[in-house]
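Structure data follow from data.pdb (PDB, C-alpha atoms):
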```
ATOM      1  CA  MET A   1      12.058 -10.908  -5.370  1.00  0.00           C
ATOM      2  CA  LYS A   2      14.831  -9.104  -7.239  1.00  0.00           C
ATOM      3  CA  PRO A   3      14.636  -5.308  -7.320  1.00  0.00           C
ATOM      4  CA  GLU A   4      14.510  -5.400 -11.136  1.00  0.00           C
ATOM      5  CA  ASP A   5      11.468  -7.667 -11.002  1.00  0.00           C
ATOM      6  CA  TYR A   6       9.813  -5.475  -8.377  1.00  0.00           C
ATOM      7  CA  ALA A   7      10.332  -2.363 -10.517  1.00  0.00           C
ATOM      8  CA  ARG A   8       9.059  -4.223 -13.604  1.00  0.00           C
ATOM      9  CA  MET A   9       5.940  -5.311 -11.709  1.00  0.00           C
ATOM     10  CA  LEU A  10       5.163  -1.689 -10.844  1.00  0.00           C
ATOM     11  CA  ALA A  11       5.966  -0.510 -14.378  1.00  0.00           C
ATOM     12  CA  GLN A  12       3.490  -2.995 -15.858  1.00  0.00           C
ATOM     13  CA  ALA A  13       0.630  -1.834 -13.620  1.00  0.00           C
ATOM     14  CA  PRO A  14      -1.683   0.968 -14.795  1.00  0.00           C
ATOM     15  CA  ARG A  15      -0.366   4.471 -14.209  1.00  0.00           C
ATOM     16  CA  ASP A  16      -2.045   7.475 -12.632  1.00  0.00           C
ATOM     17  CA  GLY A  17      -3.985   5.368 -10.150  1.00  0.00           C
ATOM     18  CA  TRP A  18      -3.605   3.040  -7.215  1.00  0.00           C
ATOM     19  CA  ILE A  19      -1.868  -0.324  -7.141  1.00  0.00           C
ATOM     20  CA  ALA A  20      -2.647  -2.940  -4.488  1.00  0.00           C
ATOM     21  CA  LEU A  21       0.161  -5.407  -3.800  1.00  0.00           C
ATOM     22  CA  SER A  22       0.020  -8.691  -1.924  1.00  0.00           C
ATOM     23  CA  GLU A  23       1.217  -8.535   1.702  1.00  0.00           C
ATOM     24  CA  ASP A  24       4.660  -9.797   0.653  1.00  0.00           C
ATOM     25  CA  GLU A  25       4.707  -7.284  -2.219  1.00  0.00           C
ATOM     26  CA  THR A  26       5.457  -9.937  -4.827  1.00  0.00           C
ATOM     27  CA  LYS A  27       2.369  -9.488  -7.001  1.00  0.00           C
ATOM     28  CA  VAL A  28      -0.218  -6.962  -8.031  1.00  0.00           C
ATOM     29  CA  VAL A  29      -3.599  -8.048  -6.644  1.00  0.00           C
ATOM     30  CA  GLY A  30      -5.612  -4.994  -7.603  1.00  0.00           C
ATOM     31  CA  CYS A  31      -5.522  -1.633  -9.254  1.00  0.00           C
ATOM     32  CA  GLY A  32      -7.873   1.196  -9.984  1.00  0.00           C
ATOM     33  CA  VAL A  33      -8.297   4.866 -10.635  1.00  0.00           C
ATOM     34  CA  THR A  34      -9.339   5.223  -7.002  1.00  0.00           C
ATOM     35  CA  MET A  35      -7.860   3.686  -3.879  1.00  0.00           C
ATOM     36  CA  GLU A  36     -11.203   2.022  -3.142  1.00  0.00           C
ATOM     37  CA  GLN A  37     -11.207   0.268  -6.503  1.00  0.00           C
ATOM     38  CA  ALA A  38      -7.731  -1.135  -5.895  1.00  0.00           C
ATOM     39  CA  ILE A  39      -8.700  -2.293  -2.383  1.00  0.00           C
ATOM     40  CA  SER A  40     -11.914  -3.934  -3.675  1.00  0.00           C
ATOM     41  CA  GLU A  41     -10.055  -5.778  -6.397  1.00  0.00           C
ATOM     42  CA  ALA A  42      -7.494  -6.979  -3.856  1.00  0.00           C
ATOM     43  CA  ALA A  43     -10.316  -8.258  -1.639  1.00  0.00           C
ATOM     44  CA  GLU A  44     -11.746 -10.185  -4.605  1.00  0.00           C
ATOM     45  CA  HIS A  45      -8.348 -11.892  -4.805  1.00  0.00           C
ATOM     46  CA  GLY A  46      -8.508 -12.761  -1.108  1.00  0.00           C
ATOM     47  CA  VAL A  47      -6.110 -10.046   0.057  1.00  0.00           C
ATOM     48  CA  ASP A  48      -7.701  -7.979   2.818  1.00  0.00           C
ATOM     49  CA  GLU A  49      -4.618  -6.012   3.819  1.00  0.00           C
ATOM     50  CA  PRO A  50      -2.948  -5.045   0.550  1.00  0.00           C
ATOM     51  CA  ILE A  51       0.034  -2.722   0.367  1.00  0.00           C
ATOM     52  CA  LEU A  52      -1.008   0.386  -1.544  1.00  0.00           C
ATOM     53  CA  VAL A  53       1.160   2.302  -3.981  1.00  0.00           C
ATOM     54  CA  LYS A  54       0.075   5.440  -5.802  1.00  0.00           C
ATOM     55  CA  SER A  55       1.283   5.203  -9.377  1.00  0.00           C
ATOM     56  CA  PRO A  56       2.237   8.445 -11.116  1.00  0.00           C
ATOM     57  CA  LYS A  57       1.266   9.504 -14.626  1.00  0.00           C
ATOM     58  CA  GLU A  58       4.763   8.595 -15.645  1.00  0.00           C
ATOM     59  CA  TRP A  59       7.494   6.784 -13.742  1.00  0.00           C
ATOM     60  CA  GLY A  60      10.673   8.788 -13.639  1.00  0.00           C
ATOM     61  CA  TYR A  61      12.876  11.033 -11.580  1.00  0.00           C
ATOM     62  CA  LYS A  62      11.074  13.687  -9.659  1.00  0.00           C
ATOM     63  CA  VAL A  63      11.900  16.192  -6.993  1.00  0.00           C
ATOM     64  CA  LEU A  64       9.062  15.949  -4.545  1.00  0.00           C
TER      65      LEU A  64
ATOM     66  CA  MET B  65      15.964  -1.238   5.453  1.00  0.00           C
ATOM     67  CA  PRO B  66      16.777  -1.036   1.734  1.00  0.00           C
ATOM     68  CA  TYR B  67      15.177   1.544  -0.500  1.00  0.00           C
ATOM     69  CA  LYS B  68      12.376   0.357  -2.790  1.00  0.00           C
ATOM     70  CA  ALA B  69      13.072  -0.186  -6.478  1.00  0.00           C
ATOM     71  CA  TYR B  70      10.745   2.010  -8.502  1.00  0.00           C
ATOM     72  CA  PRO B  71      10.757   1.895 -12.293  1.00  0.00           C
ATOM     73  CA  LEU B  72      12.180   4.505 -14.611  1.00  0.00           C
ATOM     74  CA  LYS B  73      10.505   5.157 -17.953  1.00  0.00           C
ATOM     75  CA  ALA B  74      13.865   5.068 -19.704  1.00  0.00           C
ATOM     76  CA  PRO B  75      17.347   4.056 -18.556  1.00  0.00           C
ATOM     77  CA  ASN B  76      19.279   6.805 -16.781  1.00  0.00           C
ATOM     78  CA  ASN B  77      22.748   7.912 -17.846  1.00  0.00           C
ATOM     79  CA  LEU B  78      24.226   4.852 -16.098  1.00  0.00           C
ATOM     80  CA  GLY B  79      21.926   2.514 -18.007  1.00  0.00           C
ATOM     81  CA  ASP B  80      19.820   1.688 -14.935  1.00  0.00           C
ATOM     82  CA  LYS B  81      16.049   1.353 -15.154  1.00  0.00           C
ATOM     83  CA  ILE B  82      15.578   1.534 -11.409  1.00  0.00           C
ATOM     84  CA  ASP B  83      14.988   4.607  -9.299  1.00  0.00           C
ATOM     85  CA  TRP B  84      15.746   3.852  -5.626  1.00  0.00           C
ATOM     86  CA  TRP B  85      13.265   5.513  -3.243  1.00  0.00           C
ATOM     87  CA  PRO B  86      13.484   5.789   0.562  1.00  0.00           C
ATOM     88  CA  VAL B  87      10.029   4.391   1.204  1.00  0.00           C
ATOM     89  CA  ILE B  88       8.483   2.928   4.340  1.00  0.00           C
ATOM     90  CA  LEU B  89       5.105   1.407   5.021  1.00  0.00           C
ATOM     91  CA  VAL B  90       2.759   3.502   7.125  1.00  0.00           C
ATOM     92  CA  ARG B  91      -0.954   3.749   7.873  1.00  0.00           C
ATOM     93  CA  LEU B  92      -3.065   6.698   8.875  1.00  0.00           C
ATOM     94  CA  THR B  93      -5.422   6.399  11.813  1.00  0.00           C
ATOM     95  CA  ASP B  94      -7.707   8.560  13.920  1.00  0.00           C
ATOM     96  CA  LYS B  95      -6.755   9.517  17.454  1.00  0.00           C
ATOM     97  CA  HIS B  96      -8.721   6.609  18.939  1.00  0.00           C
ATOM     98  CA  MET B  97      -7.179   4.189  16.420  1.00  0.00           C
ATOM     99  CA  GLN B  98     -10.647   2.951  15.494  1.00  0.00           C
ATOM    100  CA  THR B  99     -10.246   3.550  11.783  1.00  0.00           C
ATOM    101  CA  LYS B 100      -7.066   2.814   9.884  1.00  0.00           C
ATOM    102  CA  THR B 101      -6.084   3.012   6.260  1.00  0.00           C
ATOM    103  CA  LYS B 102      -4.482   0.077   4.524  1.00  0.00           C
ATOM    104  CA  PRO B 103      -0.683   0.200   4.700  1.00  0.00           C
ATOM    105  CA  PHE B 104       0.866   2.273   1.928  1.00  0.00           C
ATOM    106  CA  HIS B 105       4.230   3.411   0.611  1.00  0.00           C
ATOM    107  CA  ALA B 106       5.299   6.777   1.979  1.00  0.00           C
ATOM    108  CA  VAL B 107       8.480   8.525   0.901  1.00  0.00           C
ATOM    109  CA  VAL B 108      10.816   9.681   3.653  1.00  0.00           C
ATOM    110  CA  ASP B 109      11.735  13.118   2.343  1.00  0.00           C
ATOM    111  CA  SER B 110      13.865  15.548   4.305  1.00  0.00           C
ATOM    112  CA  GLY B 111      13.275  18.061   1.501  1.00  0.00           C
ATOM    113  CA  SER B 112       9.609  18.372   2.383  1.00  0.00           C
ATOM    114  CA  PRO B 113       8.811  20.797   5.191  1.00  0.00           C
ATOM    115  CA  MET B 114       5.748  18.821   6.267  1.00  0.00           C
ATOM    116  CA  CYS B 115       3.960  15.500   5.910  1.00  0.00           C
ATOM    117  CA  LEU B 116       1.744  15.255   2.849  1.00  0.00           C
ATOM    118  CA  PHE B 117      -0.753  12.618   1.809  1.00  0.00           C
ATOM    119  CA  HIS B 118      -3.007  11.962  -1.137  1.00  0.00           C
ATOM    120  CA  ALA B 119      -6.548  13.184  -0.478  1.00  0.00           C
ATOM    121  CA  GLU B 120      -8.009   9.712  -1.017  1.00  0.00           C
ATOM    122  CA  LEU B 121      -6.434   8.613   2.247  1.00  0.00           C
ATOM    123  CA  LEU B 122      -8.910  10.840   4.103  1.00  0.00           C
ATOM    124  CA  LYS B 123     -11.929   8.934   2.806  1.00  0.00           C
ATOM    125  CA  PRO B 124     -11.860   6.030   5.317  1.00  0.00           C
ATOM    126  CA  PHE B 125     -12.264   8.640   8.075  1.00  0.00           C
ATOM    127  CA  GLY B 126     -15.268  10.302   6.457  1.00  0.00           C
ATOM    128  CA  MET B 127     -13.395  13.601   6.517  1.00  0.00           C
ATOM    129  CA  ASN B 128     -14.088  16.267   3.943  1.00  0.00           C
ATOM    130  CA  LEU B 129     -10.852  17.361   2.298  1.00  0.00           C
ATOM    131  CA  LYS B 130     -11.940  20.962   1.908  1.00  0.00           C
ATOM    132  CA  ASN B 131     -12.896  21.304   5.570  1.00  0.00           C
ATOM    133  CA  GLY B 132      -9.194  21.500   6.295  1.00  0.00           C
ATOM    134  CA  VAL B 133      -7.136  24.668   6.367  1.00  0.00           C
ATOM    135  CA  GLU B 134      -6.394  25.609   2.785  1.00  0.00           C
ATOM    136  CA  ASP B 135      -2.936  26.469   1.531  1.00  0.00           C
ATOM    137  CA  SER B 136      -0.874  25.882  -1.566  1.00  0.00           C
ATOM    138  CA  LEU B 137       2.416  24.148  -1.964  1.00  0.00           C
ATOM    139  CA  GLY B 138       5.124  24.701  -4.527  1.00  0.00           C
ATOM    140  CA  GLY B 139       7.859  22.418  -5.760  1.00  0.00           C
ATOM    141  CA  VAL B 140      11.163  23.359  -7.319  1.00  0.00           C
ATOM    142  CA  GLY B 141       9.433  24.258 -10.594  1.00  0.00           C
ATOM    143  CA  LYS B 142       8.521  27.904 -10.345  1.00  0.00           C
ATOM    144  CA  GLN B 143       5.039  27.482 -11.815  1.00  0.00           C
ATOM    145  CA  VAL B 144       3.984  24.305 -10.048  1.00  0.00           C
ATOM    146  CA  LYS B 145       1.678  24.917  -7.101  1.00  0.00           C
ATOM    147  CA  ILE B 146      -0.906  22.510  -5.765  1.00  0.00           C
ATOM    148  CA  PRO B 147      -3.786  23.139  -3.354  1.00  0.00           C
ATOM    149  CA  VAL B 148      -3.282  21.498   0.034  1.00  0.00           C
ATOM    150  CA  TYR B 149      -5.684  21.184   2.965  1.00  0.00           C
ATOM    151  CA  TYR B 150      -4.348  20.607   6.462  1.00  0.00           C
ATOM    152  CA  HIS B 151      -5.910  18.106   8.848  1.00  0.00           C
ATOM    153  CA  ASN B 152      -4.827  16.526  12.127  1.00  0.00           C
ATOM    154  CA  ILE B 153      -4.118  12.834  11.733  1.00  0.00           C
ATOM    155  CA  GLN B 154      -2.115  10.042  13.335  1.00  0.00           C
ATOM    156  CA  ILE B 155       0.587   8.191  11.432  1.00  0.00           C
ATOM    157  CA  LEU B 156       1.249   4.573  12.349  1.00  0.00           C
ATOM    158  CA  VAL B 157       4.827   3.570  11.634  1.00  0.00           C
ATOM    159  CA  GLY B 158       5.318  -0.156  11.936  1.00  0.00           C
ATOM    160  CA  ALA B 159       3.524  -1.890  14.784  1.00  0.00           C
ATOM    161  CA  ASP B 160       4.683   0.258  17.680  1.00  0.00           C
ATOM    162  CA  TRP B 161       5.008   3.889  16.707  1.00  0.00           C
ATOM    163  CA  CYS B 162       2.146   6.328  16.353  1.00  0.00           C
ATOM    164  CA  ILE B 163       2.657  10.064  15.921  1.00  0.00           C
ATOM    165  CA  GLY B 164       0.119  12.847  15.741  1.00  0.00           C
ATOM    166  CA  VAL B 165       0.753  15.328  12.961  1.00  0.00           C
ATOM    167  CA  ARG B 166      -0.885  18.190  11.158  1.00  0.00           C
ATOM    168  CA  ALA B 167      -0.536  16.987   7.581  1.00  0.00           C
ATOM    169  CA  GLY B 168      -1.378  18.400   4.197  1.00  0.00           C
ATOM    170  CA  PHE B 169      -3.742  16.479   1.942  1.00  0.00           C
ATOM    171  CA  SER B 170      -4.037  17.039  -1.786  1.00  0.00           C
ATOM    172  CA  GLU B 171      -5.729  15.463  -4.776  1.00  0.00           C
ATOM    173  CA  GLU B 172      -2.756  16.542  -6.870  1.00  0.00           C
ATOM    174  CA  LEU B 173      -0.096  14.480  -5.118  1.00  0.00           C
ATOM    175  CA  SER B 174       1.517  11.933  -7.433  1.00  0.00           C
ATOM    176  CA  THR B 175       2.518   9.672  -4.557  1.00  0.00           C
ATOM    177  CA  ALA B 176       0.507   8.309  -1.623  1.00  0.00           C
ATOM    178  CA  GLY B 177       2.499   9.936   1.129  1.00  0.00           C
ATOM    179  CA  ILE B 178       5.514  12.090   1.908  1.00  0.00           C
ATOM    180  CA  LEU B 179       6.994  12.092   5.398  1.00  0.00           C
ATOM    181  CA  GLY B 180       8.580  15.471   5.929  1.00  0.00           C
ATOM    182  CA  ARG B 181      10.472  17.444   8.525  1.00  0.00           C
ATOM    183  CA  LEU B 182       7.595  18.807  10.598  1.00  0.00           C
ATOM    184  CA  GLY B 183       5.960  15.897  12.359  1.00  0.00           C
ATOM    185  CA  PHE B 184       8.118  13.039  11.097  1.00  0.00           C
ATOM    186  CA  PHE B 185      11.773  14.073  11.182  1.00  0.00           C
ATOM    187  CA  ASP B 186      11.314  15.721  14.560  1.00  0.00           C
ATOM    188  CA  ALA B 187       9.895  12.467  15.942  1.00  0.00           C
ATOM    189  CA  PHE B 188      12.412  10.043  14.468  1.00  0.00           C
ATOM    190  CA  ARG B 189      16.143   9.818  13.945  1.00  0.00           C
ATOM    191  CA  VAL B 190      16.549   9.026  10.249  1.00  0.00           C
ATOM    192  CA  THR B 191      19.759   7.846   8.615  1.00  0.00           C
ATOM    193  CA  PHE B 192      20.162   7.596   4.860  1.00  0.00           C
ATOM    194  CA  ASP B 193      23.077   5.492   3.634  1.00  0.00           C
ATOM    195  CA  HIS B 194      23.979   5.752  -0.045  1.00  0.00           C
ATOM    196  CA  SER B 195      27.437   4.218   0.399  1.00  0.00           C
ATOM    197  CA  VAL B 196      25.880   0.765   0.022  1.00  0.00           C
ATOM    198  CA  HIS B 197      23.901  -0.747  -2.804  1.00  0.00           C
ATOM    199  CA  PRO B 198      20.986  -0.625  -2.721  1.00  0.00           C
ATOM    200  CA  PRO B 199      20.857   2.502  -0.567  1.00  0.00           C
ATOM    201  CA  CYS B 200      19.169   2.022   2.774  1.00  0.00           C
ATOM    202  CA  LEU B 201      17.599   4.002   5.576  1.00  0.00           C
ATOM    203  CA  GLU B 202      17.248   3.429   9.270  1.00  0.00           C
ATOM    204  CA  ILE B 203      14.644   4.949  11.516  1.00  0.00           C
ATOM    205  CA  SER B 204      14.662   5.010  15.281  1.00  0.00           C
ATOM    206  CA  LYS B 205      12.416   6.805  17.708  1.00  0.00           C
ATOM    207  CA  HIS B 206      13.689   9.885  19.511  1.00  0.00           C
ATOM    208  CA  THR B 207      13.495   9.599  23.253  1.00  0.00           C
ATOM    209  CA  HIS B 208      11.805  13.004  23.283  1.00  0.00           C
ATOM    210  CA  VAL B 209       9.009  13.967  20.920  1.00  0.00           C
ATOM    211  CA  VAL B 210       8.147  17.447  19.734  1.00  0.00           C
ATOM    212  CA  VAL B 211       4.385  17.914  20.031  1.00  0.00           C
ATOM    213  CA  HIS B 212       2.710  20.162  17.466  1.00  0.00           C
TER     214      HIS B 212
END
```
What does this structure look like when you write it as structure tokens?
Amino acid sequence: MKPEDYARMLAQAPRDGWIALSEDETKVVGCGVTMEQAISEAAEHGVDEPILVKSPKEWGYKVL
Amino acid sequence: MPYKAYPLKAPNNLGDKIDWWPVILVRLTDKHMQTKTKPFHAVVDSGSPMCLFHAELLKPFGMNLKNGVEDSLGGVGKQVKIPVYYHNIQILVGADWCIGVRAGFSEELSTAGILGRLGFFDAFRVTFDHSVHPPCLEISKHTHVVVH
């Protein structure tokens, strides 16, 4: 997967919540306001070990 | 390993819509490794004095956030301070490495995890390389480990 496509995939997912990605990180398999919601949605799609990403309110540069 | 491509809301001054982040996959676990979180993106951040995680990552362990030692944490913005609660936790890095840390947990964190100097950088040798594109980082285990 090209980096541009990976970034676009994250950008298209809901913000200010949790994103569950497939094990190979090529598709969004769940999302939710809480981590549990994202994990449950991933399980409904047959993915028991999703990769979790916390999405910010707004994607952009930040000093952590 | 290459940095992850995170999106930017608008192109930067070079016209790029990608923000490259030094991110690795980690899990949190208890000291008996009976409960583990799902793997998640954690930012390797030498600018952070300690390891920080989103409070939701405590839930699989049945731990109460506010039972931890309370503190607050500021960023570079002079008015930004977030409440943080410290708990002892194990971080699983890849399949082989597990380190015990005292980490801060907060509901206000905008990312899942930050791997900082105390606990992470004193357990691993970390190399950031921005002379290549995309930038990449390498992590190797120290032969000696500082125990906190």
> At most 12 Å from (24.6, 0.6, -4.4), file frame, all atoms listed in the file: which residues, as a list in words?
Replying inline: Pro3 of chain A; Pro66, Tyr67, Ala69, Asp80, Ile82, Asp83, Trp84, Asp193, His194, Ser195, Val196, His197, Pro198, Pro199 and Cys200 of chain B
> Mind telling me what the ChimeraX specification (/A :<6) & /B catches here, as a PyMOL selection string?
Replying inline: chain B and resi 69-73+103-105+174-176
Resulting file, chosen residues, C-alpha atoms, as a compact mmCIF listing (two decimals), keeping the file's coordinate frame:
```
# COMPACT_ATOMS: atom_id res chain seq x y z
CA ALA B 69 13.07 -0.19 -6.48
CA TYR B 70 10.74 2.01 -8.50
CA PRO B 71 10.76 1.90 -12.29
CA LEU B 72 12.18 4.50 -14.61
CA LYS B 73 10.50 5.16 -17.95
CA PRO B 103 -0.68 0.20 4.70
CA PHE B 104 0.87 2.27 1.93
CA HIS B 105 4.23 3.41 0.61
CA SER B 174 1.52 11.93 -7.43
CA THR B 175 2.52 9.67 -4.56
CA ALA B 176 0.51 8.31 -1.62
```
> Do you know which residues are at most 9 Å from Lys130 of chain B counting only C-alpha atoms, after dropping those on the same chain fewer than 5 positions away, and could you put them as a ChimeraX atom specification?
Replying inline: /B:148-150
Would you compute, for all listed atoms of segment 123-133 of chain B, the axis-aligned bounding box grown by 6 Å on each side, and then report its centre and edge lengths in Å rounded to one decimal, as lines of an AutoDock Vina configuration file?
```
center_x = -11.2
center_y = 15.3
center_z = 5.0
size_x = 20.1
size_y = 30.6
size_z = 18.2
```
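Interatomic distance, atom CA of Gln98 of chain B to atom CA of Leu122 of chain B: 14.0 Å.
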> Just so the selection is clear, what residues does the PyMOL selection byres ((chain B and resi 156) around 12) cover here, as a VMD selection string?
Replying inline: chain B and resid 88 to 95 97 99 to 104 106 153 to 155 157 to 165 179 184
> If you apply the PyMOL selection byres ((chain B and resi 133-139) around 12) to this file, what residues do you get, as a ChimeraX atom specification?
Replying inline: /A:62-64 /B:111-116,128-132,140-152,166-173
>> Report, in Å with one decimal, the straight-line distance from atom CA of His96 of chain B to atom CA of Gly183 of chain B.
In response: 18.6 Å
> In Å, how far is it from atom CA of Pro124 of chain B to atom CA of His45 of chain A?
Replying inline: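 Atom-to-atom, atom CA of Pro124 of chain B to atom CA of His45 of chain A, that is 20.9 Å.
Counting only C-alpha atoms and comparing A:Met1, A:Ala13, A:Val33, A:Val47, the residue that lies closest to Glu120 of chain B is A:Val33.
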>> My list of candidates is B:Ser110, B:Ser204, B:Asn77, B:Thr191. Which is closest to Ile178 of chain B when distances are computed with only C-alpha atoms?
In response: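 With only C-alpha atoms as the atom set, the closest residue is B:Ser110.
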